[in-house]
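S.K.: File follows, my_file-v4.csv with CSV, C-alpha atoms:
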chain,number,residue,atom,x,y,z
A,96,MET,CA,0.0,0.0,0.0
A,97,GLU,CA,2.8,2.3,0.9
A,98,ASP,CA,4.6,1.5,-2.4
A,99,LEU,CA,1.4,2.4,-4.3
A,100,LYS,CA,1.3,5.8,-2.5
A,101,ASN,CA,4.9,6.5,-3.3
A,102,ASN,CA,4.4,5.6,-7.0
A,103,THR,CA,1.4,7.9,-7.2
A,104,PHE,CA,3.3,10.7,-5.6
A,105,GLU,CA,6.2,10.2,-8.0
A,106,GLU,CA,3.9,10.2,-11.0
A,107,ASP,CA,2.2,13.5,-9.8
A,108,GLU,CA,5.7,15.0,-9.3
A,109,VAL,CA,6.7,14.0,-12.8
A,110,THR,CA,3.5,15.4,-14.3
A,111,LEU,CA,4.0,18.7,-12.5
A,112,LYS,CA,7.6,18.9,-13.7
A,113,VAL,CA,6.4,18.2,-17.3
A,114,LEU,CA,3.8,21.0,-17.0
A,115,ILE,CA,6.3,23.5,-15.6
A,116,GLY,CA,8.7,22.5,-18.4
A,117,LYS,CA,6.1,23.0,-21.0
A,118,PHE,CA,5.0,26.3,-19.6
A,119,GLN,CA,8.7,27.5,-19.6
A,120,GLU,CA,9.1,26.3,-23.1
A,121,TYR,CA,6.0,28.2,-24.3
A,122,TYR,CA,6.9,31.2,-22.3
A,123,TRP,CA,10.4,31.5,-23.8
A,124,TYR,CA,8.9,30.8,-27.3
A,125,ILE,CA,6.5,33.7,-26.9
A,126,VAL,CA,9.4,35.9,-25.6
A,127,LYS,CA,11.5,35.0,-28.5
A,128,TYR,CA,8.8,36.1,-31.0
A,129,TRP,CA,7.6,39.1,-29.1
A,130,LYS,CA,7.8,41.3,-32.2
A,131,ILE,CA,4.8,39.4,-33.7
A,132,ILE,CA,2.7,40.3,-30.6
A,133,ALA,CA,4.0,43.9,-30.8
A,134,VAL,CA,2.9,44.2,-34.4
A,135,LEU,CA,-0.6,42.9,-33.7
A,136,VAL,CA,-0.9,45.2,-30.7
A,137,VAL,CA,0.1,48.2,-32.8
A,138,LEU,CA,-2.4,47.2,-35.5
A,139,CYS,CA,-5.3,46.8,-33.1
A,140,VAL,CA,-4.5,50.0,-31.2
A,141,SER,CA,-4.2,51.9,-34.5
A,142,TYR,CA,-7.5,50.6,-35.9
A,143,LEU,CA,-9.4,51.3,-32.7
A,144,LEU,CA,-7.8,54.8,-32.4
A,145,PHE,CA,-8.7,55.5,-36.0
A,146,LYS,CA,-12.3,54.4,-35.3
A,147,ALA,CA,-12.4,56.6,-32.2
A,148,PHE,CA,-11.2,59.7,-34.1
A,149,THR,CA,-13.4,59.2,-37.1
A,150,THR,CA,-16.6,58.3,-35.3
A,151,PRO,CA,-18.7,61.5,-35.0
A,152,THR,CA,-19.8,62.8,-31.6
A,153,THR,CA,-23.5,62.0,-30.9
A,154,TYR,CA,-26.1,63.5,-28.6
A,155,LYS,CA,-28.6,61.4,-26.8
A,156,ALA,CA,-32.0,62.9,-26.0
A,157,GLU,CA,-34.1,61.0,-23.4
A,158,LEU,CA,-37.8,61.6,-22.7
A,159,THR,CA,-39.7,59.8,-19.9
A,160,PHE,CA,-43.5,59.8,-19.6
A,161,MET,CA,-46.3,57.9,-17.9
A,162,VAL,CA,-49.8,56.8,-18.7
A,163,ASN,CA,-52.5,57.1,-16.1
A,164,GLU,CA,-53.9,53.5,-16.0
A,165,ASP,CA,-56.8,54.3,-13.6
A,166,GLU,CA,-59.6,54.8,-16.1
A,167,GLY,CA,-62.1,57.3,-14.7
A,168,GLY,CA,-59.7,58.1,-11.9
A,169,GLY,CA,-61.0,60.6,-9.4
A,170,LEU,CA,-64.6,60.1,-10.6
A,171,GLY,CA,-65.5,57.1,-8.4
A,172,GLY,CA,-68.4,59.0,-6.9
A,173,ILE,CA,-70.0,59.7,-10.2
A,174,ALA,CA,-69.3,56.1,-11.4
A,175,GLY,CA,-71.2,54.9,-8.3
A,176,ILE,CA,-74.2,57.1,-9.1
A,177,LEU,CA,-74.2,55.8,-12.6
A,178,GLY,CA,-74.0,52.3,-11.3
A,179,ASN,CA,-77.3,52.9,-9.4
A,180,PHE,CA,-78.9,53.4,-12.9
A,181,GLY,CA,-77.4,50.1,-14.2
A,182,LEU,CA,-74.7,52.0,-16.1
A,183,LYS,CA,-71.0,51.3,-16.1
A,184,ALA,CA,-68.3,53.8,-16.7
A,185,GLY,CA,-64.6,53.5,-17.0
A,186,ALA,CA,-64.5,49.6,-17.1
A,187,GLY,CA,-61.7,48.0,-18.9
A,188,GLY,CA,-58.7,47.7,-16.5
A,189,LYS,CA,-55.2,48.7,-17.3
A,190,PHE,CA,-54.0,50.2,-20.5
A,191,ASN,CA,-51.6,48.0,-22.5
A,192,LEU,CA,-48.3,49.7,-22.0
A,193,ASP,CA,-46.5,47.3,-24.2
A,194,LYS,CA,-48.8,48.4,-27.0
A,195,ILE,CA,-47.5,52.0,-26.7
A,196,ILE,CA,-43.9,50.8,-27.0
A,197,GLU,CA,-44.8,48.7,-30.1
A,198,LEU,CA,-46.7,51.7,-31.6
A,199,ALA,CA,-43.6,53.9,-31.1
A,200,GLN,CA,-41.7,51.6,-33.4
A,201,SER,CA,-44.4,51.2,-36.0
A,202,MET,CA,-44.1,52.6,-39.5
A,203,LYS,CA,-47.4,54.5,-39.2
A,204,ILE,CA,-46.1,56.6,-36.2
A,205,MET,CA,-42.6,56.9,-37.7
A,206,GLN,CA,-44.0,58.2,-41.0
A,207,SER,CA,-45.9,60.9,-39.3
A,208,VAL,CA,-42.8,61.8,-37.3
A,209,LEU,CA,-40.5,62.0,-40.3
A,210,LEU,CA,-43.0,64.1,-42.2
A,211,HIS,CA,-43.5,66.6,-39.3
A,212,LYS,CA,-42.1,70.1,-39.8
A,213,CYS,CA,-39.9,71.5,-37.1
A,214,GLU,CA,-36.9,73.8,-36.6
A,215,VAL,CA,-33.5,72.1,-36.4
A,216,ASP,CA,-30.3,74.2,-36.3
A,217,SER,CA,-32.2,77.3,-37.4
A,218,SER,CA,-33.6,75.5,-40.4
A,219,PHE,CA,-37.4,74.8,-40.7
A,220,ASP,CA,-38.2,71.7,-42.6
A,221,ILE,CA,-39.6,68.2,-42.2
A,222,LEU,CA,-37.6,65.8,-40.0
A,223,ALA,CA,-36.9,63.5,-43.0
A,224,ASN,CA,-35.0,66.2,-44.8
A,225,HIS,CA,-33.1,67.1,-41.6
A,226,LEU,CA,-32.0,63.5,-41.4
A,227,ILE,CA,-30.9,63.4,-45.0
A,228,LEU,CA,-28.8,66.6,-44.6
A,229,GLU,CA,-27.4,65.7,-41.2
A,230,TYR,CA,-26.2,62.3,-42.3
A,231,LYS,CA,-25.0,63.5,-45.7
A,232,LEU,CA,-27.1,60.8,-47.5
A,233,HIS,CA,-26.6,62.7,-50.8
A,234,ALA,CA,-23.0,61.6,-50.9
A,235,ALA,CA,-24.2,58.0,-50.5
A,236,TRP,CA,-26.7,58.4,-53.2
A,237,LYS,CA,-24.3,60.2,-55.6
A,238,ASN,CA,-23.5,57.0,-57.6
A,239,SER,CA,-27.0,55.5,-57.2
A,240,LYS,CA,-28.6,54.0,-60.4
A,241,ASN,CA,-31.8,55.9,-59.4
A,242,LYS,CA,-31.0,59.4,-60.7
A,243,GLU,CA,-33.9,60.9,-58.7
A,244,LEU,CA,-32.0,60.2,-55.5
A,245,ARG,CA,-29.2,62.6,-56.4
A,246,GLY,CA,-29.8,65.7,-54.4
A,247,PHE,CA,-33.1,64.4,-53.3
A,248,LEU,CA,-35.2,66.2,-50.7
A,249,PHE,CA,-38.9,65.8,-49.8
A,250,VAL,CA,-41.2,68.3,-51.4
A,251,ASN,CA,-44.5,67.0,-49.9
A,252,ASP,CA,-45.2,66.6,-46.2
A,253,THR,CA,-48.3,64.4,-46.2
A,254,LEU,CA,-48.4,60.7,-47.0
A,255,ALA,CA,-51.2,61.0,-49.5
A,256,GLN,CA,-49.2,63.5,-51.6
A,257,LEU,CA,-45.9,61.5,-51.7
A,258,ASN,CA,-44.7,60.2,-55.0
A,259,GLU,CA,-43.0,56.8,-55.5
A,260,THR,CA,-39.5,58.1,-54.9
A,261,GLU,CA,-40.5,59.9,-51.7
A,262,LYS,CA,-42.3,56.8,-50.4
A,263,SER,CA,-39.2,54.7,-51.2
A,264,VAL,CA,-36.9,57.1,-49.3
A,265,LEU,CA,-39.4,57.3,-46.4
A,266,LYS,CA,-39.2,53.5,-46.1
A,267,LEU,CA,-35.4,53.6,-46.3
A,268,LEU,CA,-35.2,56.2,-43.5
A,269,TYR,CA,-37.6,54.1,-41.4
A,270,ASN,CA,-35.5,50.9,-41.9
A,271,GLN,CA,-32.3,52.9,-41.1
A,272,ILE,CA,-33.8,54.0,-37.8
A,273,MET,CA,-34.9,50.5,-36.9
A,274,ILE,CA,-31.6,48.9,-37.8
A,275,HIS,CA,-29.7,51.5,-35.7
A,276,GLN,CA,-32.1,50.8,-32.9
A,277,ARG,CA,-31.2,47.1,-32.8
A,278,ARG,CA,-27.4,47.6,-33.5
A,279,ASN,CA,-26.3,51.0,-32.3
A,280,GLY,CA,-29.1,52.2,-30.1
A,281,GLN,CA,-29.9,55.3,-32.1
A,282,PHE,CA,-33.6,54.9,-31.1
A,283,ILE,CA,-34.5,53.0,-27.9
A,284,SER,CA,-37.9,52.6,-26.3
A,285,SER,CA,-38.3,50.9,-23.0
A,286,ILE,CA,-40.7,50.5,-20.1
A,287,SER,CA,-40.1,49.9,-16.4
A,288,GLU,CA,-42.1,46.8,-15.2
A,289,ASP,CA,-42.2,48.1,-11.6
A,290,SER,CA,-43.2,51.7,-12.1
A,291,GLY,CA,-44.8,51.6,-15.6
A,292,ILE,CA,-42.7,54.6,-16.6
A,293,MET,CA,-41.7,54.6,-20.3
A,294,LYS,CA,-38.7,56.1,-21.9
A,295,PHE,CA,-37.7,57.2,-25.4
A,296,SER,CA,-34.0,57.6,-26.2
A,297,ILE,CA,-32.9,59.1,-29.5
A,298,GLU,CA,-29.2,59.5,-30.5
A,299,THR,CA,-28.1,61.5,-33.5
A,300,THR,CA,-25.1,63.7,-34.5
A,301,SER,CA,-27.1,66.9,-33.9
A,302,GLN,CA,-28.3,68.1,-30.5
A,303,ASP,CA,-31.3,70.0,-31.9
A,304,LEU,CA,-32.2,67.0,-34.1
A,305,SER,CA,-32.2,64.6,-31.2
A,306,ILE,CA,-34.5,66.9,-29.1
A,307,ALA,CA,-36.9,67.6,-32.0
A,308,PHE,CA,-37.1,63.9,-33.0
A,309,THR,CA,-37.8,62.8,-29.4
A,310,LYS,CA,-40.5,65.5,-28.7
A,311,THR,CA,-42.2,64.9,-32.1
A,312,LEU,CA,-42.3,61.1,-31.5
A,313,TYR,CA,-44.0,61.7,-28.1
A,314,GLU,CA,-46.5,64.1,-29.5
A,315,LYS,CA,-47.5,61.9,-32.5
A,316,LEU,CA,-47.6,58.7,-30.4
A,317,SER,CA,-49.7,60.2,-27.6
A,318,THR,CA,-52.2,61.8,-30.0
A,319,TYR,CA,-52.6,58.6,-32.0
A,320,TYR,CA,-52.9,56.4,-28.9
A,321,VAL,CA,-55.5,58.6,-27.2
A,322,LYS,CA,-57.6,58.8,-30.4
A,323,ARG,CA,-57.5,55.0,-31.0
A,324,THR,CA,-58.2,54.2,-27.3
A,325,VAL,CA,-61.4,56.3,-27.2
A,326,SER,CA,-62.5,55.9,-30.8
A,327,LYS,CA,-65.8,54.0,-29.9
A,328,GLU,CA,-66.6,56.5,-27.1
A,329,GLN,CA,-65.9,59.5,-29.4
A,330,GLN,CA,-68.1,58.0,-32.1
A,331,THR,CA,-70.9,57.5,-29.6
A,332,TYR,CA,-70.5,61.0,-28.2
A,333,ASP,CA,-70.6,62.6,-31.7
A,334,LEU,CA,-73.7,60.6,-32.6
A,335,VAL,CA,-75.6,61.5,-29.4
A,336,LYS,CA,-74.5,65.2,-29.7
A,337,SER,CA,-75.7,65.3,-33.3
A,338,LYS,CA,-79.0,63.9,-32.3
A,339,ALA,CA,-79.4,66.4,-29.4
A,340,ASP,CA,-78.5,69.3,-31.7
A,341,SER,CA,-81.1,68.1,-34.3
A,342,ILE,CA,-83.8,67.9,-31.6
A,343,SER,CA,-82.9,71.3,-30.3
A,344,PHE,CA,-83.1,72.7,-33.8
A,345,LEU,CA,-86.6,71.2,-34.4
A,346,LEU,CA,-87.8,72.4,-31.0
A,347,ASN,CA,-86.6,75.9,-31.7
A,348,LYS,CA,-88.5,75.9,-35.0
A,349,LYS,CA,-91.6,74.5,-33.4
A,350,GLU,CA,-91.6,77.1,-30.6
A,351,ILE,CA,-91.2,79.9,-33.2
A,352,ALA,CA,-94.1,78.5,-35.3
A,353,LEU,CA,-96.3,78.4,-32.1
A,354,ALA,CA,-95.4,82.0,-31.2
A,355,ASN,CA,-96.1,83.2,-34.8
A,356,PHE,CA,-99.4,81.4,-34.8
A,357,ARG,CA,-100.5,83.0,-31.5
A,358,ASP,CA,-99.4,86.5,-32.8
A,359,GLN,CA,-101.3,86.0,-36.1
A,360,ASN,CA,-104.5,84.8,-34.5
A,361,ARG,CA,-104.7,87.1,-31.5
A,362,GLY,CA,-108.3,87.4,-30.4
A,363,LEU,CA,-109.6,85.0,-33.1
A,364,TRP,CA,-110.1,81.8,-31.0
A,365,THR,CA,-112.1,79.6,-33.3
A,366,LYS,CA,-112.2,75.8,-32.6
A,367,ARG,CA,-109.9,75.3,-35.6
A,368,ASN,CA,-107.4,77.8,-34.1
A,369,GLN,CA,-107.5,76.1,-30.7
A,370,LEU,CA,-106.9,72.7,-32.3
A,371,LYS,CA,-104.0,74.1,-34.3
A,372,GLU,CA,-102.5,75.7,-31.2
A,373,SER,CA,-102.9,72.4,-29.2
A,374,VAL,CA,-101.1,70.4,-31.9
A,375,LEU,CA,-98.2,72.9,-32.0
A,376,GLN,CA,-98.0,72.9,-28.2
A,377,ARG,CA,-98.1,69.1,-28.0
A,378,GLU,CA,-95.3,68.8,-30.6
A,379,ALA,CA,-93.3,71.4,-28.7
A,380,ASN,CA,-93.8,69.5,-25.4
A,381,MET,CA,-92.8,66.2,-27.0
A,382,LEU,CA,-89.7,67.7,-28.5
A,383,THR,CA,-88.9,69.2,-25.0
A,384,LEU,CA,-89.1,65.8,-23.4
A,385,MET,CA,-86.9,64.3,-26.2
A,386,LEU,CA,-84.3,67.0,-25.8
A,387,GLY,CA,-84.2,66.3,-22.1
A,388,GLU,CA,-83.5,62.6,-22.7
A,389,ALA,CA,-81.0,63.5,-25.4
A,390,ILE,CA,-79.1,65.9,-23.1
A,391,LYS,CA,-79.0,63.2,-20.3
A,392,ASN,CA,-77.6,60.7,-22.8
A,393,LEU,CA,-75.1,63.3,-24.0
A,394,GLU,CA,-73.9,63.8,-20.4
A,395,PHE,CA,-73.5,60.0,-20.0
A,396,ALA,CA,-71.6,59.8,-23.3
A,397,ASP,CA,-69.4,62.7,-22.3
A,398,PHE,CA,-68.6,61.1,-19.0
A,399,SER,CA,-67.8,57.8,-20.6
A,400,LEU,CA,-65.5,59.5,-23.1
A,401,LYS,CA,-63.6,61.4,-20.4
A,402,SER,CA,-63.3,58.4,-18.1
A,403,LYS,CA,-61.9,56.3,-21.0
A,404,THR,CA,-59.4,58.9,-22.2
A,405,PRO,CA,-55.9,57.9,-21.1
A,406,PHE,CA,-53.9,60.7,-19.4
A,407,ILE,CA,-50.4,60.7,-20.8
A,408,GLN,CA,-47.9,63.0,-19.1
A,409,ILE,CA,-44.3,63.9,-19.7
A,410,ILE,CA,-42.0,63.4,-16.7
A,411,ASP,CA,-38.6,64.5,-17.9
A,412,PRO,CA,-38.5,66.2,-21.4
A,413,PRO,CA,-35.1,66.5,-23.2
A,414,PHE,CA,-33.5,70.0,-23.2
A,415,ALA,CA,-30.2,71.5,-24.2
A,416,PRO,CA,-27.4,71.1,-23.5
A,417,LEU,CA,-27.3,67.3,-24.1
A,418,GLU,CA,-24.5,65.1,-23.0
A,419,SER,CA,-22.1,64.4,-25.9
A,420,ILE,CA,-21.1,60.8,-26.6
A,421,SER,CA,-17.8,60.1,-28.2
A,422,GLN,CA,-15.4,57.2,-28.6
A,423,SER,CA,-12.8,57.2,-25.7
A,424,LYS,CA,-9.2,57.3,-27.0
A,425,LEU,CA,-7.9,55.9,-23.7
A,426,LYS,CA,-10.3,52.9,-23.9
A,427,ALA,CA,-9.3,52.3,-27.5
A,428,ILE,CA,-5.6,52.1,-26.5
A,429,ILE,CA,-6.2,49.8,-23.5
A,430,PHE,CA,-8.7,47.5,-25.4
A,431,GLY,CA,-6.5,47.5,-28.5
A,432,GLY,CA,-3.4,46.6,-26.4
A,433,LEU,CA,-5.3,43.7,-24.7
A,434,LEU,CA,-6.9,42.5,-27.9
A,435,GLY,CA,-3.6,42.6,-29.9
A,436,GLY,CA,-1.7,40.9,-27.0
A,437,LEU,CA,-4.3,38.1,-26.8
A,438,LEU,CA,-4.3,37.6,-30.5
A,439,GLY,CA,-0.5,37.5,-30.7
A,440,ILE,CA,-0.1,35.0,-27.8
A,441,GLY,CA,-2.9,32.8,-29.2
A,442,PHE,CA,-1.2,32.8,-32.6
A,443,LEU,CA,2.2,31.9,-31.2
A,444,ILE,CA,0.8,29.1,-29.0
A,445,ALA,CA,-1.1,27.7,-32.0
A,446,ARG,CA,2.0,27.9,-34.2
A,447,LYS,CA,4.1,26.2,-31.5
A,448,ILE,CA,1.6,23.3,-31.1
A,449,PHE,CA,1.4,22.9,-34.9
A,450,ASN,CA,5.3,22.8,-35.1
A,451,ASP,CA,5.6,20.3,-32.3
A,452,MET,CA,3.0,18.0,-34.0
A,453,THR,CA,4.7,18.3,-37.3
A,454,LYS,CA,8.1,17.2,-35.7
A,455,GLU,CA,6.5,14.3,-34.0
A,456,GLU,CA,5.0,13.0,-37.2
A,457,SER,CA,8.3,13.3,-39.1
Using structure tokens, write down the structure that the file contains.
M.R.:
Amino acid sequence: MEDLKNNTFEEDEVTLKVLIGKFQEYYWYIVKYWKIIAVLVVLCVSYLLFKAFTTPTTYKAELTFMVNEDEGGGLGGIAGILGNFGLKAGAGGKFNLDKIIELAQSMKIMQSVLLHKCEVDSSFDILANHLILEYKLHAAWKNSKNKELRGFLFVNDTLAQLNETEKSVLKLLYNQIMIHQRRNGQFISSISEDSGIMKFSIETTSQDLSIAFTKTLYEKLSTYYVKRTVSKEQQTYDLVKSKADSISFLLNKKEIALANFRDQNRGLWTKRNQLKESVLQREANMLTLMLGEAIKNLEFADFSLKSKTPFIQIIDPPFAPLESISQSKLKAIIFGGLLGGLLGIGFLIARKIFNDMTKEES
């Protein structure tokens, strides 16, 4: 048993010596060819420094906002009164906050944003043209087969008026924004699961453009979302209001007709006159009752519309000066040095292993 332990110990000792010997062999091999590592370090550092110097400075504009999820909030007393009449108001639960984030990335919303006119760097134009000029897309389109793209700028600012070229460029800009969102974070939309607070983050090479883009996106999105959320209630309210206005108009006409009849037949109270007056009075009374019901229905429709309307509020709007984001030269040197060193060492180790295997085979 003791001999077995001694043999095991000796084998471990031999294995350890072999490992140390191999380590020293590889270490001196790497030291011998250190120039290869140095070249790779210089190349990596040079490339990352070049990238850091040529990457333009960007400005990130962030906007946070929240949606009031309590439909009919603050109107619980009125809702209780309506409940006594068998009417429900403000039912429906929470708004779908994820839907807002998805809408923010939709082409429909982005189209309205890109075609919105605003002032950027003292120039008043649609955002699509601001993007084309800011990112010098004319240079990229200079050799395009489509001659219409050379020097192209949008002329129309509504989707219905856009020609084929303008629609194509609009789609191109939309895809550009979405690709940047996934890769470089030019446009980011997010939501906090705990607080329900949402955030838009836009990053461009222009401070004014970042702010204008973020604010326009919020305005277009909130307007569209509110309209779509209460579309049924708005339609009901408009219908009831139209009915109430129509009844009010008829009642007004009937009351004028009754007053004119009385003026024209003053002192001439024949049976026929009395019958005519009674008919006019009865019609006026009926229209008065109908108007009262219509006004009551209008009040209910108005309450339902207001209780269903989501309340979207900005928490932190973007404002100048924005923080500038640029590539760090120090990080480029450090990361380039580490990357070049690892690549060089990896290359030498692989070459050493390959050479040893070739010698053994021969």
S.K.: Select, from A:Ile131, A:Thr110, A:Lys155, A:Asp333, the residue with the minimum atom-to-atom distance to Leu437 in chain A, counting only C-alpha atoms.
M.R.: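 Comparing A:Ile131, A:Thr110, A:Lys155, A:Asp333 against Leu437 in chain A, the winner is A:Ile131.
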S.K.: Let me make sure I understand: among A:Leu228, A:Leu144, A:Leu425, A:Ala339, which one has the smallest atom-to-atom distance to Ala389 in chain A if we use all atoms listed in the file?
M.R.: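 The answer is A:Ala339, which sits nearest to Ala389 in chain A.
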S.K.: Quote the spacing between CA of Thr311 in chain A and CA of Gln422 in chain A in Å to one decimal place.
M.R.: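 Computing the Euclidean distance for CA of Thr311 in chain A and CA of Gln422 in chain A yields 28.1 Å.
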S.K.: What gap, in Å, lies between CA of Glu157 in chain A and CA of Thr309 in chain A?
M.R.: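 These two atoms are separated by 7.3 Å.
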S.K.: Report, in Å with one decimal, the straight-line distance from CA of Leu135 in chain A to CA of Gly436 in chain A.
M.R.: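 If I compute the distance from CA of Leu135 in chain A to CA of Gly436 in chain A, I get 7.1 Å.
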S.K.: Place a sphere of radius 9 Å on (-33.6, 64.5, -50.1) in the file coordinates and name every protein, DNA or RNA residue with an atom inside or on its surface, counting only C-alpha atoms; give the answer as a list in words.
M.R.: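 Those residues, ordered by chain and then number, are Ala223, Asn224, His225, Leu226, Ile227, Leu228, Leu232, His233, Leu244, Arg245, Gly246, Phe247, Leu248, Phe249, Val250, Glu261 and Val264 of chain A.
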S.K.: Find the residue from A:Ile297, A:Ala147, A:Thr383, A:Ser263 that sits nearest to Lys310 in chain A; use only C-alpha atoms when measuring.
M.R.: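 Of the candidates, the smallest distance to Lys310 in chain A is held by A:Ile297.
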S.K.: With distances taken over all atoms listed in the file, which of A:Lys242, A:Lys336, A:Lys294, A:Lys315 is nearest to Pro413 in chain A?
M.R.: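 Nearest to Pro413 in chain A: A:Lys294.
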S.K.: Please work out which residues fall within 10 Å of (5.8, 30.0, -26.6), coordinates as given in the file, with all atoms listed in the file counting, and return them as a list in words.
M.R.: Lys117, Phe118, Gln119, Glu120, Tyr121, Tyr122, Trp123, Tyr124, Ile125, Val126, Lys127, Tyr128, Trp129, Ile440, Gly441, Phe442, Leu443, Ile444, Ala445, Arg446, Lys447 and Ile448 of chain A
S.K.: For each of A:Leu210, A:Ala199, A:Leu370, A:Met385, take the minimum atom-to-atom distance to Ser296 in chain A, counting all atoms listed in the file, then give the residue where this is smallest.
M.R.: A:Ala199
S.K.: For Asp411 in chain A, which of A:Ser317, A:Met161, A:Leu353, A:Lys327 is the closest residue, counting only C-alpha atoms?
M.R.: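 Under the stated criterion, the closest residue is A:Met161.
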S.K.: Env of Leu222 in chain A: 7 Å cut, atoms = all atoms listed in the file, seq-sep filter 5 positions within chain, self excluded. Answer as a PyMOL selection string.
M.R.: chain A and resi 209-213
S.K.: Would you mind listing what lies within 10 Å of Asn392 in chain A as a list in words, with all atoms listed in the file counted and same-chain residues fewer than 5 positions away left out?
M.R.: Tyr332, Val335, Lys336, Ala339, Leu386, Gly387, Asp397 and Phe398 of chain A
S.K.: Those selected residues, please, written with C-alpha atoms and delivered as a compact mmCIF listing (two decimals), in the coordinates of the input.
M.R.:
# COMPACT_ATOMS: atom_id res chain seq x y z
CA TYR A 332 -70.50 61.00 -28.20
CA VAL A 335 -75.60 61.50 -29.40
CA LYS A 336 -74.50 65.20 -29.70
CA ALA A 339 -79.40 66.40 -29.40
CA LEU A 386 -84.30 67.00 -25.80
CA GLY A 387 -84.20 66.30 -22.10
CA ASP A 397 -69.40 62.70 -22.30
CA PHE A 398 -68.60 61.10 -19.00
S.K.: Could you name the residues that touch Ile407 in chain A at 10 Å or less, counting only C-alpha atoms, but leaving out those on the same chain fewer than 4 positions away, as a PyMOL selection string?
M.R.: chain A and resi 160-164+313+317-318+320-321
S.K.: Extract, using all atoms listed in the file, all DNA, RNA and protein residues at most 9 Å from Thr299 in chain A, discarding same-chain residues fewer than 4 positions from it, and format them as JSON, numbers by chain.
M.R.: {"A": [152, 153, 154, 155, 156, 229, 281, 282, 304, 305]}
S.K.: Box for range 245-256 of chain A - axis-aligned, 6 Å on each of the six sides, all listed atoms - centre and size in Å to one decimal, as lines of an AutoDock Vina configuration file.
M.R.:
center_x = -40.2
center_y = 64.5
center_z = -51.3
size_x = 34.0
size_y = 19.6
size_z = 22.2
S.K.: Can you tell me which residues surround Lys266 in chain A at a distance of at most 12 Å, considering only C-alpha atoms, apart from same-chain residues fewer than 3 positions away, and format the answer as a list in words?
M.R.: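 With the cut-off at 12 Å, the set is Ser201, Met202, Lys203, Met205, Gln206, Leu209, Leu210, Ala223, Leu254, Leu257, Glu259, Thr260, Glu261, Lys262, Ser263, Tyr269, Asn270, Gln271, Ile272 and Met273 of chain A.
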